[in-house]
Each structure stands twice: as structure tokens, then as C-alpha cells.
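Here is the file input27.cif (mmCIF, C-alpha atoms and all ligand atoms).
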```cif
data_protein
#
loop_
_atom_site.label_atom_id
_atom_site.label_comp_id
_atom_site.auth_asym_id
_atom_site.auth_seq_id
_atom_site.Cartn_x
_atom_site.Cartn_y
_atom_site.Cartn_z
CA MET G 789 11.25 3.66 -17.15
CA THR G 790 12.04 5.67 -14.03
CA MET G 791 13.71 4.13 -11.04
CA ILE G 792 11.48 3.33 -8.05
CA GLN G 793 13.08 3.68 -4.62
CA THR G 794 11.80 1.46 -1.83
CA ASP G 795 13.00 0.04 1.48
CA ALA G 796 12.76 -3.56 0.30
CA VAL G 797 12.17 -5.64 -2.80
CA VAL G 798 10.59 -9.05 -2.30
CA ILE G 799 11.35 -11.39 -5.20
CA GLY G 800 8.38 -13.77 -5.44
CA ALA G 801 4.76 -13.09 -4.47
CA GLY G 802 4.09 -16.62 -3.29
CA PRO G 803 2.63 -17.20 0.18
CA VAL G 804 5.93 -16.44 1.90
CA GLY G 805 6.63 -13.35 -0.21
CA LEU G 806 3.16 -11.98 0.59
CA PHE G 807 3.68 -12.56 4.31
CA GLN G 808 7.15 -11.00 4.03
CA ALA G 809 5.60 -7.77 2.70
CA PHE G 810 3.13 -7.83 5.61
CA GLN G 811 5.84 -8.29 8.25
CA LEU G 812 7.98 -5.56 6.72
CA GLY G 813 4.96 -3.26 6.66
CA LEU G 814 4.34 -3.84 10.36
CA LEU G 815 7.91 -2.71 11.01
CA GLY G 816 7.40 0.43 8.93
CA LEU G 817 9.38 -0.80 5.90
CA GLN G 818 7.79 -0.39 2.45
CA ALA G 819 8.21 -3.38 0.13
CA HIS G 820 7.70 -3.87 -3.59
CA LEU G 821 6.80 -7.43 -4.60
CA VAL G 822 7.68 -8.90 -8.00
CA ASP G 823 6.40 -12.15 -9.51
CA VAL G 824 6.59 -13.61 -12.98
CA LEU G 825 3.09 -15.10 -12.59
CA PRO G 826 0.01 -13.01 -13.46
CA GLU G 827 -1.42 -13.42 -9.96
CA PRO G 828 0.04 -13.76 -6.47
CA GLY G 829 0.07 -17.02 -4.51
CA GLY G 830 3.01 -19.00 -5.91
CA GLN G 831 2.64 -22.77 -5.69
CA CYS G 832 -0.66 -22.47 -3.80
CA VAL G 833 -2.33 -20.88 -6.83
CA ALA G 834 -0.19 -22.27 -9.66
CA LEU G 835 -0.03 -25.91 -8.52
CA TYR G 836 -2.88 -26.66 -6.12
CA PRO G 837 -5.51 -23.88 -6.08
CA ASP G 838 -8.44 -26.15 -5.17
CA LYS G 839 -6.67 -28.66 -2.93
CA PRO G 840 -7.13 -28.46 0.84
CA ILE G 841 -4.33 -27.48 3.24
CA TYR G 842 -4.78 -28.73 6.80
CA ASP G 843 -1.67 -27.52 8.66
CA ILE G 844 -1.92 -23.74 8.88
CA PRO G 845 -2.20 -22.77 12.57
CA GLY G 846 -5.72 -21.66 13.44
CA LEU G 847 -7.12 -22.55 10.01
CA PRO G 848 -8.38 -26.16 10.16
CA VAL G 849 -8.74 -26.26 6.38
CA CYS G 850 -8.42 -23.91 3.42
CA THR G 851 -7.58 -24.34 -0.25
CA GLY G 852 -4.42 -23.01 -1.87
CA ARG G 853 -6.39 -20.20 -3.51
CA GLU G 854 -8.19 -19.30 -0.26
CA LEU G 855 -4.92 -19.09 1.66
CA SER G 856 -3.39 -16.89 -1.00
CA ALA G 857 -6.44 -14.58 -1.00
CA GLN G 858 -6.25 -14.24 2.81
CA LEU G 859 -2.52 -13.48 2.70
CA LEU G 860 -3.14 -10.85 0.03
CA ALA G 861 -5.94 -9.30 2.11
CA GLN G 862 -3.69 -9.28 5.17
CA ALA G 863 -0.87 -7.54 3.27
CA ALA G 864 -3.28 -5.11 1.53
CA PRO G 865 -2.63 -2.16 3.92
CA PHE G 866 0.99 -2.25 2.73
CA LEU G 867 0.30 -2.82 -0.97
CA LYS G 868 -1.65 0.37 -1.67
CA ALA G 869 -0.89 2.34 -4.82
CA ASP G 870 1.34 5.40 -4.37
CA THR G 871 -0.89 8.48 -4.18
CA THR G 872 1.35 10.58 -6.45
CA THR G 873 2.49 8.03 -9.06
CA GLY G 874 -0.55 5.73 -8.88
CA LEU G 875 1.85 2.76 -8.94
CA ALA G 876 1.01 -0.26 -6.78
CA PRO G 877 3.96 -2.04 -5.15
CA LEU G 878 2.91 -5.38 -6.67
CA HIS G 879 4.56 -6.11 -10.01
CA LEU G 880 3.00 -9.17 -11.63
CA GLY G 881 3.97 -10.80 -14.91
CA GLU G 882 7.55 -9.58 -14.42
CA GLN G 883 10.57 -11.78 -13.87
CA VAL G 884 13.50 -10.43 -11.90
CA MET G 885 16.41 -10.81 -14.28
CA ARG G 886 19.23 -8.86 -12.64
CA LEU G 887 20.14 -8.06 -9.06
CA GLU G 888 23.09 -5.69 -8.70
CA VAL G 889 24.79 -4.68 -5.48
CA ASP G 890 26.56 -1.33 -5.20
CA ASP G 891 29.43 -2.40 -2.97
CA THR G 892 30.64 1.18 -2.60
CA LEU G 893 27.64 1.92 -0.35
CA PRO G 894 27.20 0.69 3.24
CA LEU G 895 23.97 -0.98 4.41
CA GLY G 896 21.16 1.55 4.69
CA PRO G 897 21.11 3.54 1.42
CA PHE G 898 19.71 2.16 -1.84
CA ARG G 899 22.56 -0.22 -2.60
CA PHE G 900 20.51 -2.93 -4.37
CA HIS G 901 19.25 -2.56 -7.93
CA VAL G 902 16.62 -4.99 -9.15
CA HIS G 903 15.76 -5.13 -12.86
CA THR G 904 12.77 -7.01 -14.27
CA SER G 905 11.95 -8.50 -17.65
CA THR G 906 9.58 -5.60 -18.44
CA GLY G 907 12.15 -2.90 -17.65
CA THR G 908 11.11 -2.02 -14.08
CA HIS G 909 14.09 -0.76 -12.08
CA LEU G 910 13.76 -0.89 -8.31
CA ALA G 911 16.42 0.56 -6.00
CA ALA G 912 16.20 -0.93 -2.51
CA ARG G 913 17.85 -0.92 0.87
CA ALA G 914 17.30 -4.66 1.35
CA VAL G 915 16.23 -7.60 -0.81
CA PHE G 916 14.18 -10.61 0.21
CA VAL G 917 14.40 -13.61 -2.09
CA ALA G 918 11.13 -15.54 -1.69
CA ALA G 919 11.50 -17.33 -5.00
CA GLY G 920 10.31 -20.83 -4.02
CA ALA G 921 11.69 -23.37 -6.44
CA GLY G 922 12.35 -20.58 -8.94
CA ALA G 923 10.24 -18.61 -11.36
CA PHE G 924 7.22 -20.57 -12.55
CA VAL G 925 7.47 -20.70 -16.29
CA PRO G 926 4.68 -22.37 -18.23
CA LYS G 927 5.64 -25.36 -20.36
CA THR G 928 4.87 -24.69 -23.97
CA LEU G 929 4.43 -26.72 -27.16
CA PRO G 930 7.83 -27.81 -28.48
CA ILE G 931 7.40 -26.21 -31.89
CA PRO G 932 8.85 -22.96 -33.30
CA GLY G 933 6.82 -19.84 -32.54
CA MET G 934 5.52 -21.02 -29.16
CA GLN G 935 8.08 -19.45 -26.82
CA ALA G 936 6.34 -17.85 -23.86
CA SER G 937 8.94 -15.06 -23.92
CA ALA G 938 7.86 -13.77 -27.34
CA PRO G 939 4.22 -14.75 -27.64
CA ALA G 940 1.79 -13.98 -30.40
CA TRP G 941 -1.01 -11.85 -28.95
CA ASN G 942 -3.44 -14.77 -29.17
CA LEU G 943 -1.11 -17.38 -27.59
CA HIS G 944 -1.84 -17.77 -23.86
CA HIS G 945 -0.37 -19.84 -21.06
CA HIS G 946 -2.51 -18.54 -18.19
CA LEU G 947 -6.20 -18.02 -17.54
CA PRO G 948 -7.19 -14.38 -17.16
CA ALA G 949 -6.75 -13.11 -13.57
CA VAL G 950 -9.95 -12.74 -11.54
CA GLY G 951 -12.00 -9.79 -12.86
CA GLN G 952 -10.18 -9.60 -16.21
CA GLN G 953 -12.01 -10.03 -19.53
CA ALA G 954 -11.54 -13.35 -21.33
CA PRO G 955 -9.60 -12.51 -24.53
CA TRP G 956 -11.27 -15.44 -26.35
CA ALA G 957 -14.90 -14.43 -25.63
CA GLY G 958 -16.97 -15.19 -28.77
CA ALA G 959 -14.01 -16.72 -30.63
CA HIS G 960 -12.64 -20.22 -31.28
CA LEU G 961 -10.37 -21.24 -28.42
CA VAL G 962 -8.13 -24.31 -28.60
CA ILE G 963 -6.79 -25.62 -25.29
CA ALA G 964 -3.70 -27.84 -25.63
CA GLY G 965 -3.12 -30.48 -22.95
CA GLY G 966 -4.60 -33.59 -21.36
CA GLY G 967 -3.60 -33.25 -17.70
CA ASP G 968 -5.27 -31.68 -14.66
CA GLU G 969 -4.40 -28.14 -15.73
CA ALA G 970 -5.92 -28.41 -19.20
CA LEU G 971 -9.09 -30.14 -18.02
CA GLN G 972 -9.54 -27.77 -15.09
CA SER G 973 -9.14 -24.85 -17.51
CA VAL G 974 -12.02 -26.18 -19.63
CA LEU G 975 -14.25 -26.27 -16.54
CA ASP G 976 -13.08 -22.88 -15.25
CA ILE G 977 -13.72 -21.21 -18.61
CA LEU G 978 -17.22 -22.67 -18.88
CA ALA G 979 -17.95 -21.66 -15.26
CA GLN G 980 -17.54 -17.99 -16.26
CA PRO G 981 -20.57 -15.85 -17.27
CA SER G 982 -21.73 -16.81 -20.77
CA ASP G 983 -20.56 -13.51 -22.33
CA GLN G 984 -17.00 -14.62 -21.46
CA HIS G 985 -17.34 -18.01 -23.19
CA PRO G 986 -15.59 -18.83 -26.45
CA ALA G 987 -17.99 -19.46 -29.33
CA GLN G 988 -16.22 -22.77 -29.91
CA LEU G 989 -13.97 -24.65 -27.49
CA THR G 990 -11.65 -27.42 -28.69
CA LEU G 991 -9.51 -29.56 -26.42
CA LEU G 992 -6.38 -30.75 -28.23
CA HIS G 993 -4.55 -33.77 -26.90
CA ARG G 994 -2.20 -36.31 -28.42
CA ARG G 995 -4.37 -39.32 -27.58
CA ASP G 996 -7.87 -40.21 -26.45
CA GLN G 997 -6.83 -40.70 -22.82
CA PHE G 998 -6.27 -38.00 -20.21
CA GLN G 999 -3.77 -37.99 -17.32
CA ALA G 1000 -5.96 -36.19 -14.83
CA GLU G 1001 -7.97 -36.77 -11.68
CA ALA G 1002 -10.92 -39.11 -12.24
CA THR G 1003 -13.56 -36.47 -11.37
CA LEU G 1004 -12.05 -33.97 -13.80
CA GLN G 1005 -11.93 -36.63 -16.51
CA SER G 1006 -15.59 -37.59 -16.09
CA GLN G 1007 -16.75 -33.95 -16.10
CA VAL G 1008 -14.81 -33.16 -19.29
CA ARG G 1009 -15.87 -36.44 -20.96
CA ALA G 1010 -19.49 -35.45 -20.32
CA LEU G 1011 -18.88 -32.11 -22.07
CA ILE G 1012 -17.30 -33.89 -25.06
CA ASP G 1013 -20.09 -36.51 -25.24
CA THR G 1014 -22.81 -33.84 -25.18
CA GLY G 1015 -21.04 -31.79 -27.88
CA ARG G 1016 -20.39 -28.76 -25.65
CA ILE G 1017 -16.70 -28.98 -26.47
CA ASP G 1018 -14.75 -30.68 -29.26
CA LEU G 1019 -11.89 -33.10 -28.76
CA THR G 1020 -9.18 -33.12 -31.45
CA LEU G 1021 -6.45 -35.76 -31.37
CA GLY G 1022 -3.00 -35.06 -32.77
CA VAL G 1023 0.53 -33.90 -32.05
CA PRO G 1024 1.27 -30.28 -33.03
CA GLU G 1025 4.15 -30.12 -35.52
CA ALA G 1026 4.00 -26.53 -36.68
CA CYS G 1027 1.93 -23.38 -36.39
CA GLU G 1028 0.67 -20.94 -38.98
CA THR G 1029 0.81 -17.23 -38.22
CA THR G 1030 0.09 -13.98 -40.02
CA ASP G 1031 1.33 -10.52 -39.04
CA SER G 1032 -2.15 -9.17 -38.48
CA LEU G 1033 -3.90 -12.19 -36.97
CA GLY G 1034 -1.09 -13.82 -34.98
CA LEU G 1035 -1.61 -17.56 -34.70
CA ILE G 1036 -4.23 -18.84 -37.12
CA ALA G 1037 -3.78 -22.63 -37.11
CA LEU G 1038 -1.82 -25.61 -35.88
CA ARG G 1039 -0.64 -28.40 -38.13
CA LEU G 1040 -1.02 -31.76 -36.43
CA ALA G 1041 0.39 -35.23 -36.95
CA ALA G 1042 -2.71 -37.34 -36.49
CA ALA G 1043 -3.72 -40.96 -37.12
CA GLN G 1044 -5.21 -39.95 -40.48
CA GLY G 1045 -2.06 -38.05 -41.56
CA VAL G 1046 -1.26 -34.34 -41.25
CA THR G 1047 -4.32 -32.26 -40.35
CA ARG G 1048 -4.91 -28.54 -39.88
CA LEU G 1049 -6.67 -27.10 -36.83
CA PRO G 1050 -7.77 -23.48 -37.38
CA LEU G 1051 -8.08 -21.30 -34.27
CA ASP G 1052 -8.52 -17.76 -33.00
CA HIS G 1053 -6.80 -18.27 -29.64
CA LEU G 1054 -4.52 -20.99 -28.29
CA LEU G 1055 -4.27 -21.68 -24.57
CA VAL G 1056 -1.38 -24.03 -23.77
CA ARG G 1057 -1.97 -25.79 -20.44
CA LEU G 1058 0.84 -28.31 -20.09
CA GLY G 1059 1.81 -27.42 -16.52
CA MET G 1060 4.51 -25.22 -15.04
CA SER G 1061 8.17 -25.86 -14.47
CA PRO G 1062 10.11 -23.81 -11.93
CA LYS G 1063 13.29 -22.29 -13.32
CA LEU G 1064 15.98 -21.02 -10.97
CA GLY G 1065 17.11 -18.93 -13.94
CA PRO G 1066 18.92 -15.67 -13.25
CA LEU G 1067 18.97 -16.22 -9.49
CA SER G 1068 21.98 -18.48 -9.88
CA ASP G 1069 24.00 -15.49 -11.18
CA TRP G 1070 23.41 -13.13 -8.25
CA GLY G 1071 26.48 -14.07 -6.22
CA LEU G 1072 24.47 -15.86 -3.54
CA ALA G 1073 25.99 -18.94 -1.90
CA LEU G 1074 23.87 -21.88 -3.06
CA ASP G 1075 23.64 -25.39 -1.72
CA ARG G 1076 21.94 -27.71 -4.22
CA LYS G 1077 20.03 -24.80 -5.79
CA GLN G 1078 18.88 -23.38 -2.43
CA VAL G 1079 20.21 -20.15 -0.93
CA SER G 1080 22.24 -20.86 2.21
CA VAL G 1081 21.13 -18.62 5.08
CA ASN G 1082 21.86 -17.91 8.72
CA PRO G 1083 18.82 -19.39 10.53
CA ALA G 1084 18.81 -16.59 13.11
CA THR G 1085 18.32 -13.82 10.53
CA PHE G 1086 17.71 -15.59 7.19
CA GLU G 1087 20.40 -13.41 5.69
CA SER G 1088 22.40 -14.89 2.81
CA ASN G 1089 26.16 -14.56 2.36
CA VAL G 1090 25.48 -11.08 0.88
CA PRO G 1091 24.67 -8.63 3.70
CA GLY G 1092 21.24 -7.10 3.09
CA ILE G 1093 19.96 -9.99 0.94
CA TYR G 1094 17.68 -12.36 2.82
CA ALA G 1095 16.14 -15.62 1.56
CA VAL G 1096 12.90 -17.05 2.93
CA GLY G 1097 10.54 -19.91 2.15
CA ASP G 1098 11.25 -22.84 -0.15
CA ILE G 1099 14.25 -21.15 -1.78
CA ASN G 1100 16.48 -21.24 1.32
CA THR G 1101 18.35 -23.92 3.17
CA TYR G 1102 19.79 -24.26 6.68
CA PRO G 1103 20.15 -27.14 9.13
CA GLY G 1104 16.73 -28.61 9.83
CA LYS G 1105 14.98 -26.79 6.97
CA LYS G 1106 11.43 -27.97 6.21
CA ARG G 1107 9.66 -26.78 3.08
CA LEU G 1108 6.39 -25.96 4.81
CA LEU G 1109 4.27 -22.82 4.72
CA LEU G 1110 4.42 -22.43 8.49
CA CYS G 1111 8.24 -22.48 8.42
CA GLY G 1112 8.29 -19.90 5.62
CA PHE G 1113 6.05 -17.55 7.64
CA HIS G 1114 8.35 -17.87 10.67
CA GLU G 1115 11.39 -17.15 8.48
CA ALA G 1116 9.74 -14.06 6.98
CA THR G 1117 9.01 -12.72 10.46
CA LEU G 1118 12.58 -13.13 11.73
CA ALA G 1119 14.06 -11.84 8.45
CA ALA G 1120 11.94 -8.66 8.68
CA HIS G 1121 13.10 -8.02 12.25
CA ALA G 1122 16.74 -8.68 11.29
CA ALA G 1123 16.51 -6.27 8.35
CA SER G 1124 14.82 -3.61 10.46
CA LEU G 1125 17.67 -3.79 12.97
CA ALA G 1126 20.34 -3.76 10.24
CA LEU G 1127 18.80 -0.77 8.45
CA ASN G 1128 18.06 1.24 11.61
CA PRO G 1129 20.81 0.20 14.05
CA ASP G 1130 20.37 3.32 16.19
CA GLU G 1131 16.62 2.92 16.69
CA PRO G 1132 15.29 0.83 19.59
CA GLN G 1133 13.71 -2.41 18.30
CA HIS G 1134 10.77 -3.11 20.59
CA LEU G 1135 8.66 -6.20 20.06
CA LEU G 1136 5.11 -4.93 19.56
CA TYR G 1137 1.87 -6.90 19.55
CA THR G 1138 -0.73 -6.31 16.83
CA THR G 1139 -3.41 -6.75 19.49
CA THR G 1140 -2.34 -3.82 21.64
CA SER G 1141 0.11 -1.55 19.82
CA PRO G 1142 -1.36 1.82 18.66
CA LEU G 1143 1.65 2.18 16.31
CA LEU G 1144 0.88 -1.13 14.58
CA HIS G 1145 -2.81 -0.19 14.40
CA ARG G 1146 -1.84 3.05 12.65
CA ARG G 1147 0.41 1.17 10.21
CA LEU G 1148 -2.42 -1.29 9.52
CA GLY G 1149 -4.70 1.65 8.77
CA LEU G 1150 -7.03 0.78 11.63
CA THR G 1151 -6.83 4.16 13.35
C1 LIG Y 1 0.86 -30.08 -4.26
C2 LIG Y 1 1.47 -29.34 -3.08
C3 LIG Y 1 0.82 -29.37 -1.87
C4 LIG Y 1 1.37 -28.71 -0.76
N1 LIG Y 1 0.71 -28.77 0.43
C5 LIG Y 1 1.25 -28.15 1.51
C6 LIG Y 1 0.62 -28.25 2.78
O1 LIG Y 1 -0.42 -28.91 2.94
N2 LIG Y 1 1.20 -27.61 3.83
C7 LIG Y 1 2.37 -26.87 3.72
O2 LIG Y 1 2.82 -26.31 4.70
N3 LIG Y 1 2.98 -26.80 2.51
C8 LIG Y 1 2.46 -27.42 1.43
N4 LIG Y 1 3.12 -27.35 0.22
C9 LIG Y 1 4.38 -26.59 0.14
C10 LIG Y 1 4.09 -25.07 0.03
O3 LIG Y 1 3.21 -24.83 -1.05
C11 LIG Y 1 5.41 -24.34 -0.17
O4 LIG Y 1 6.20 -24.55 0.97
C12 LIG Y 1 5.14 -22.84 -0.35
O5 LIG Y 1 4.41 -22.60 -1.51
C13 LIG Y 1 6.46 -22.09 -0.43
O6 LIG Y 1 6.15 -20.74 -0.60
P1 LIG Y 1 7.19 -19.72 -1.24
O7 LIG Y 1 6.50 -18.39 -1.22
O8 LIG Y 1 8.50 -19.88 -0.56
O9 LIG Y 1 7.42 -20.24 -2.72
P2 LIG Y 1 6.43 -20.41 -3.95
O10 LIG Y 1 5.06 -20.75 -3.50
O11 LIG Y 1 7.11 -21.35 -4.85
O12 LIG Y 1 6.39 -18.96 -4.60
C14 LIG Y 1 7.57 -18.43 -5.19
C15 LIG Y 1 7.17 -17.40 -6.21
O13 LIG Y 1 8.34 -16.72 -6.66
C16 LIG Y 1 8.22 -16.46 -8.05
N5 LIG Y 1 9.57 -16.26 -8.61
C17 LIG Y 1 10.65 -17.06 -8.48
N6 LIG Y 1 11.72 -16.51 -9.09
C18 LIG Y 1 11.30 -15.33 -9.61
C19 LIG Y 1 11.93 -14.30 -10.36
N7 LIG Y 1 13.23 -14.37 -10.72
N8 LIG Y 1 11.19 -13.24 -10.74
C20 LIG Y 1 9.88 -13.15 -10.41
N9 LIG Y 1 9.22 -14.11 -9.71
C21 LIG Y 1 9.93 -15.17 -9.31
C22 LIG Y 1 7.53 -17.72 -8.59
O14 LIG Y 1 6.90 -17.47 -9.83
C23 LIG Y 1 6.52 -18.03 -7.45
O15 LIG Y 1 5.27 -17.42 -7.68
C24 LIG Y 1 2.59 -28.00 -0.89
C25 LIG Y 1 3.23 -27.94 -2.13
C26 LIG Y 1 2.69 -28.63 -3.21
C27 LIG Y 1 3.40 -28.58 -4.55
#
```

Go ahead and express the file in the form of C-alpha cells.
Amino acid sequence: MTMIQTDAVVIGAGPVGLFQAFQLGLLGLQAHLVDVLPEPGGQCVALYPDKPIYDIPGLPVCTGRELSAQLLAQAAPFLKADTTTGLAPLHLGEQVMRLEVDDTLPLGPFRFHVHTSTGTHLAARAVFVAAGAGAFVPKTLPIPGMQASAPAWNLHHHLPAVGQQAPWAGAHLVIAGGGDEALQSVLDILAQPSDQHPAQLTLLHRRDQFQAEATLQSQVRALIDTGRIDLTLGVPEACETTDSLGLIALRLAAAQGVTRLPLDHLLVRLGMSPKLGPLSDWGLALDRKQVSVNPATFESNVPGIYAVGDINTYPGKKRLLLCGFHEATLAAHAASLALNPDEPQHLLYTTTSPLLHRRLGLT
């Protein structure tokens, strides 16, 4: 894998990371965004995609997914694929594992080296940690062979991103879980065009009671009662795999003894847990798992590394979207000044500045 050079790396493509890329773009700084999730949006998409948000200025109400889509559209002028390499500066499904600082270099050159779980190596002049509560890692079944880090090809923890083919179309899909995520997945999968539907859909849960919102429960119960989906009760104890077919069955402890549930695809929907993970090894000063920052610049104790959004802490910190957007704006301006100390830093308005219009691709 070749090294990609960029002005900035933004770790986390949640709402604040997306807005960070936008603000950097306005200031003429190219950013590459990295997120372990298969789609951008962070908590808004992973935890509350369909719930309403009422406190974004100028937007009386929008859902988590809608806000994320708008932030992505806003940042789009700065997330275009490179015309020579064809590479887009949005790296999804990749966890940042290592962040190295070349202390022999001053601020300005590519002194930061960011390495991801899929081997991407980004060299940057500044780093913005927008990692929220940490990398969202899906919870998996506590049996051998289920680790999300080394999955069988037919073991899934996420729904396909918008526009992607459903891998289980025409096959037998088992969804494990009995909470909001699992039940919502059943509805989302059946809301797709029929050529994307599994031939058979089984919901697997340990007991005949769900822990989900009442409306979700009644919709899924109706599907079970009318035979559109199957409900299997049992606790997975082991899985069966073959080299060529991947997962082929689960063995379950059930009321009637040990049973076998054959399957073509398994979608585990037990929720997400944020893991601070490698971030704790990057030499950043932490205060109760948050990165301590200067609230004028949002710079951490390491010059050139900024932290914005839910991951940071400073006196008066509030974990709100609005606060994260403010932090991203000031952090971008601070980085622009630090990287280009000899250039005048004028405050420009998007309404009136021809330079900003050019950067936004409007002229
Ligand atoms: C149920 C709920 C409702 C909420 N409602 C509101 C509301 O009404 N108003 C409001 O203002 N706020 C609300 N919030 C809070 C708001 O969602 C957060 O403040 C916001 O999501 C923080 O954004 P962020 O970008 O900092 O972090 P996140 O949204 O957490 O995004 C961080 C991203 O970084 C990624 N990441 C972390 N570490 C790594 C790594 N090492 N490598 C790659 N990727 C990594 C994660 O996978 C994640 O996608 C709500 C939160 C919840 C849970």
C-alpha cells in the first residue's frame, strides 16, 4: 500500500468529523476521513438513525440519518476522488490503529503517520481526533468463530450501505438479537426491493420476549404471526463452518435440548459498544478517557493533534452536536494558522467570498 500525503487526517467520520472536513476544506486544507463503520454519521447513524433531533440551529427537526446525509452533502466538495489515483478521501470500514509522530520534524511538513486496520498509511501535517466515545465495534455472539475482526464471509454485523447489494438475497438469513437493532433490521431488510430479500428470514433470540420499542415489537410480531419470518428460540453455543461455505449452522441450547439451526448468512445485531482502543496509546493527555484540549484551539498536549466532539474535554464541555461543530470550526482555524504562520488569516464569509465560492466549486 502506498503512502497518501494529505494536509489533515480526521479520525472519525461522525457528525463532527464530517463538519471538520468541511471547515478544513473552506480554509484550503485537504482532509482524509477514516471511520471503522461502513457508513459515515457516527452515533447519529449507528445509534439513533430514525430518532428526531430538535436542537440543531436553523433545523427545527431532523433525524440522525438526515443530519448525517446533510453533513455529508455539505462536505462533498472536499471529499471528491483524486483525479489521478481515483481514491476518495473517505476511508470507511477502517480503524485507525497507530498514530506516529515524527518529532524530528517541525510543524508544517508531514510529521504525522496514521495507519489503519486495512493497511492504509496516511502522512499528514495535522491530525483531528473526532473519535466520539471511541470506535464503534459491533457486539458479537460470545462463541468461538464470531470475532468481528476475522469474520467468515457470510457473518455480518452491519446492514449493507445504501445502494449496495444485499449479500443474502435469495438465501436463508438468520438475524441474531431481540433488541431495537435486530427488530429494525428485520423491517429494513423487508423494506428493500423484493430482489434483495432473503428467501427465508429467521429471527433468533434467547426467549420469546423482545427488549425493543413497542411499535417495533408489534410490527415484527405481525410478521412472525403471518409466517413472513420465522422466530427461533435458543442460546447459540457453537457454530459449524466449512472452508468453502463459511458458516453453515449454529448449535443452540434450547428448551427442548440442543438444536441445530442451518443458515446461509448470519447477521448479528446485538448493538454496538464504543471502544477507545488504540487511541489510549497515542501519547495524548487523557482525562477520564477524554482528550484534554485547549478550548481556544482544541489542540491536545501534542502540537498539531486536535480533538473535537465527544472525545474531548475542557472546562464547561457539553457533549452536544452544536458544541462539536463550534469546536471543529475553531480547530480548523487554529490549524490553518499553525501550518501557514506567514499567511494572513482573514475571516471570510461563505455568503460573499469569491475564494470560498471557488473552493466550494460554485464558480
Ligand atoms: C440516543 C442519542 C441521542 C442524541 N441526541 C442528541 C440531540 O438531540 N442533540 C445533540 O446535540 N446531541 C445528541 N446526541 C449526542 C450526539 O450524537 C453526539 O454529541 C455526537 O454524535 C458526537 O459526534 P462525534 O462526531 O464527536 O462522535 P461520534 O458520533 O461518536 O462519531 C465518532 C466516530 O469515530 C469513529 N471512530 C472512533 N475511533 C476510531 C478509530 N480509531 N478508527 C476509526 N474510526 C474511529 C467511530 O466509529 C464513530 O463513527 C445524542 C446521542 C445519543 C446516543

Excluding Tyr1102 in chain G and any residue of its chain fewer than 3 positions from it, enumerate the residues within 12 Å of it, using all atoms listed in the file, and give them as number ranges by chain. G: 1073-1076, 1078-1088, 1095-1099, 1105-1107, 1111, 1115

Report as a ChimeraX atom specification which protein, DNA and RNA residues come within 8 Å of ligand LIG 1 (chain Y), using only C-alpha atoms and all ligand atoms. /G:799-806,822-825,828-832,834-836,839-844,852,881-885,904,918-925,1062-1067,1096-1099,1107-1112

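Our summary of the geometry notes that CA of Glu1028 in chain G is positioned 14.4 Å from CA of Ala1041 in chain G.
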
Given all atoms listed in the file as the counted atoms, nearest of G:Arg994, G:Arg1057, G:His1145, G:Arg899 to Thr928 in chain G: G:Arg1057

Taking (-13.0, -26.2, -10.4) in the file's own coordinates, collect the residues within 9 Å, counting only C-alpha atoms, and hand them back as a PDB file with C-alpha atoms, in the frame of the given file.
```pdb
ATOM      1  CA  PRO G 837      -5.510 -23.880  -6.080  1.00  0.00           C
ATOM      2  CA  ASP G 838      -8.440 -26.150  -5.170  1.00  0.00           C
ATOM      3  CA  GLN G 972      -9.540 -27.770 -15.090  1.00  0.00           C
ATOM      4  CA  SER G 973      -9.140 -24.850 -17.510  1.00  0.00           C
ATOM      5  CA  LEU G 975     -14.250 -26.270 -16.540  1.00  0.00           C
ATOM      6  CA  ASP G 976     -13.080 -22.880 -15.250  1.00  0.00           C
ATOM      7  CA  ALA G 979     -17.950 -21.660 -15.260  1.00  0.00           C
ATOM      8  CA  LEU G1004     -12.050 -33.970 -13.800  1.00  0.00           C
TER       9      LEU G1004
END
```

Work out how far apart CA of Gly816 in chain G and CA of Arg1147 in chain G are and give it in Å to one decimal. 7.1 Å

I want to know what sits within 6 Å of range 790-795 of chain G, based on all atoms listed in the file, with residues of the same chain fewer than 3 positions away left out; could you give that as a PyMOL selection string? chain G and resi 817-818+909-913

Can you tell me, as number ranges by chain, what residues are no more than 9 Å from Gly1022 in chain G when counting all atoms listed in the file, ignoring any on the same chain fewer than 2 positions away? G: 992-995, 1020, 1024, 1039-1043, 1046-1047

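CA of Gln808 in chain G is found 8.0 Å from CA of Phe916 in chain G.
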
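Nearest to Arg886 in chain G of all the residues G:His903, G:Ala863, G:Arg1016, G:Phe898 is G:His903, counting all atoms listed in the file.
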
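Proximity to Ala857 in chain G was assessed for G:Val915, G:Val950, G:Val889, G:Leu929 counting all atoms listed in the file; the smallest distance is recorded for G:Val950.
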
Hey, could you pull the box centre and edge lengths for range 1054-1071 of chain G, axis-aligned, 4 Å padding per side, all listed atoms, to one decimal in Å, as lines of an AutoDock Vina configuration file?
```
center_x = 11.0
center_y = -20.7
center_z = -17.3
size_x = 39.0
size_y = 23.2
size_z = 30.1
```
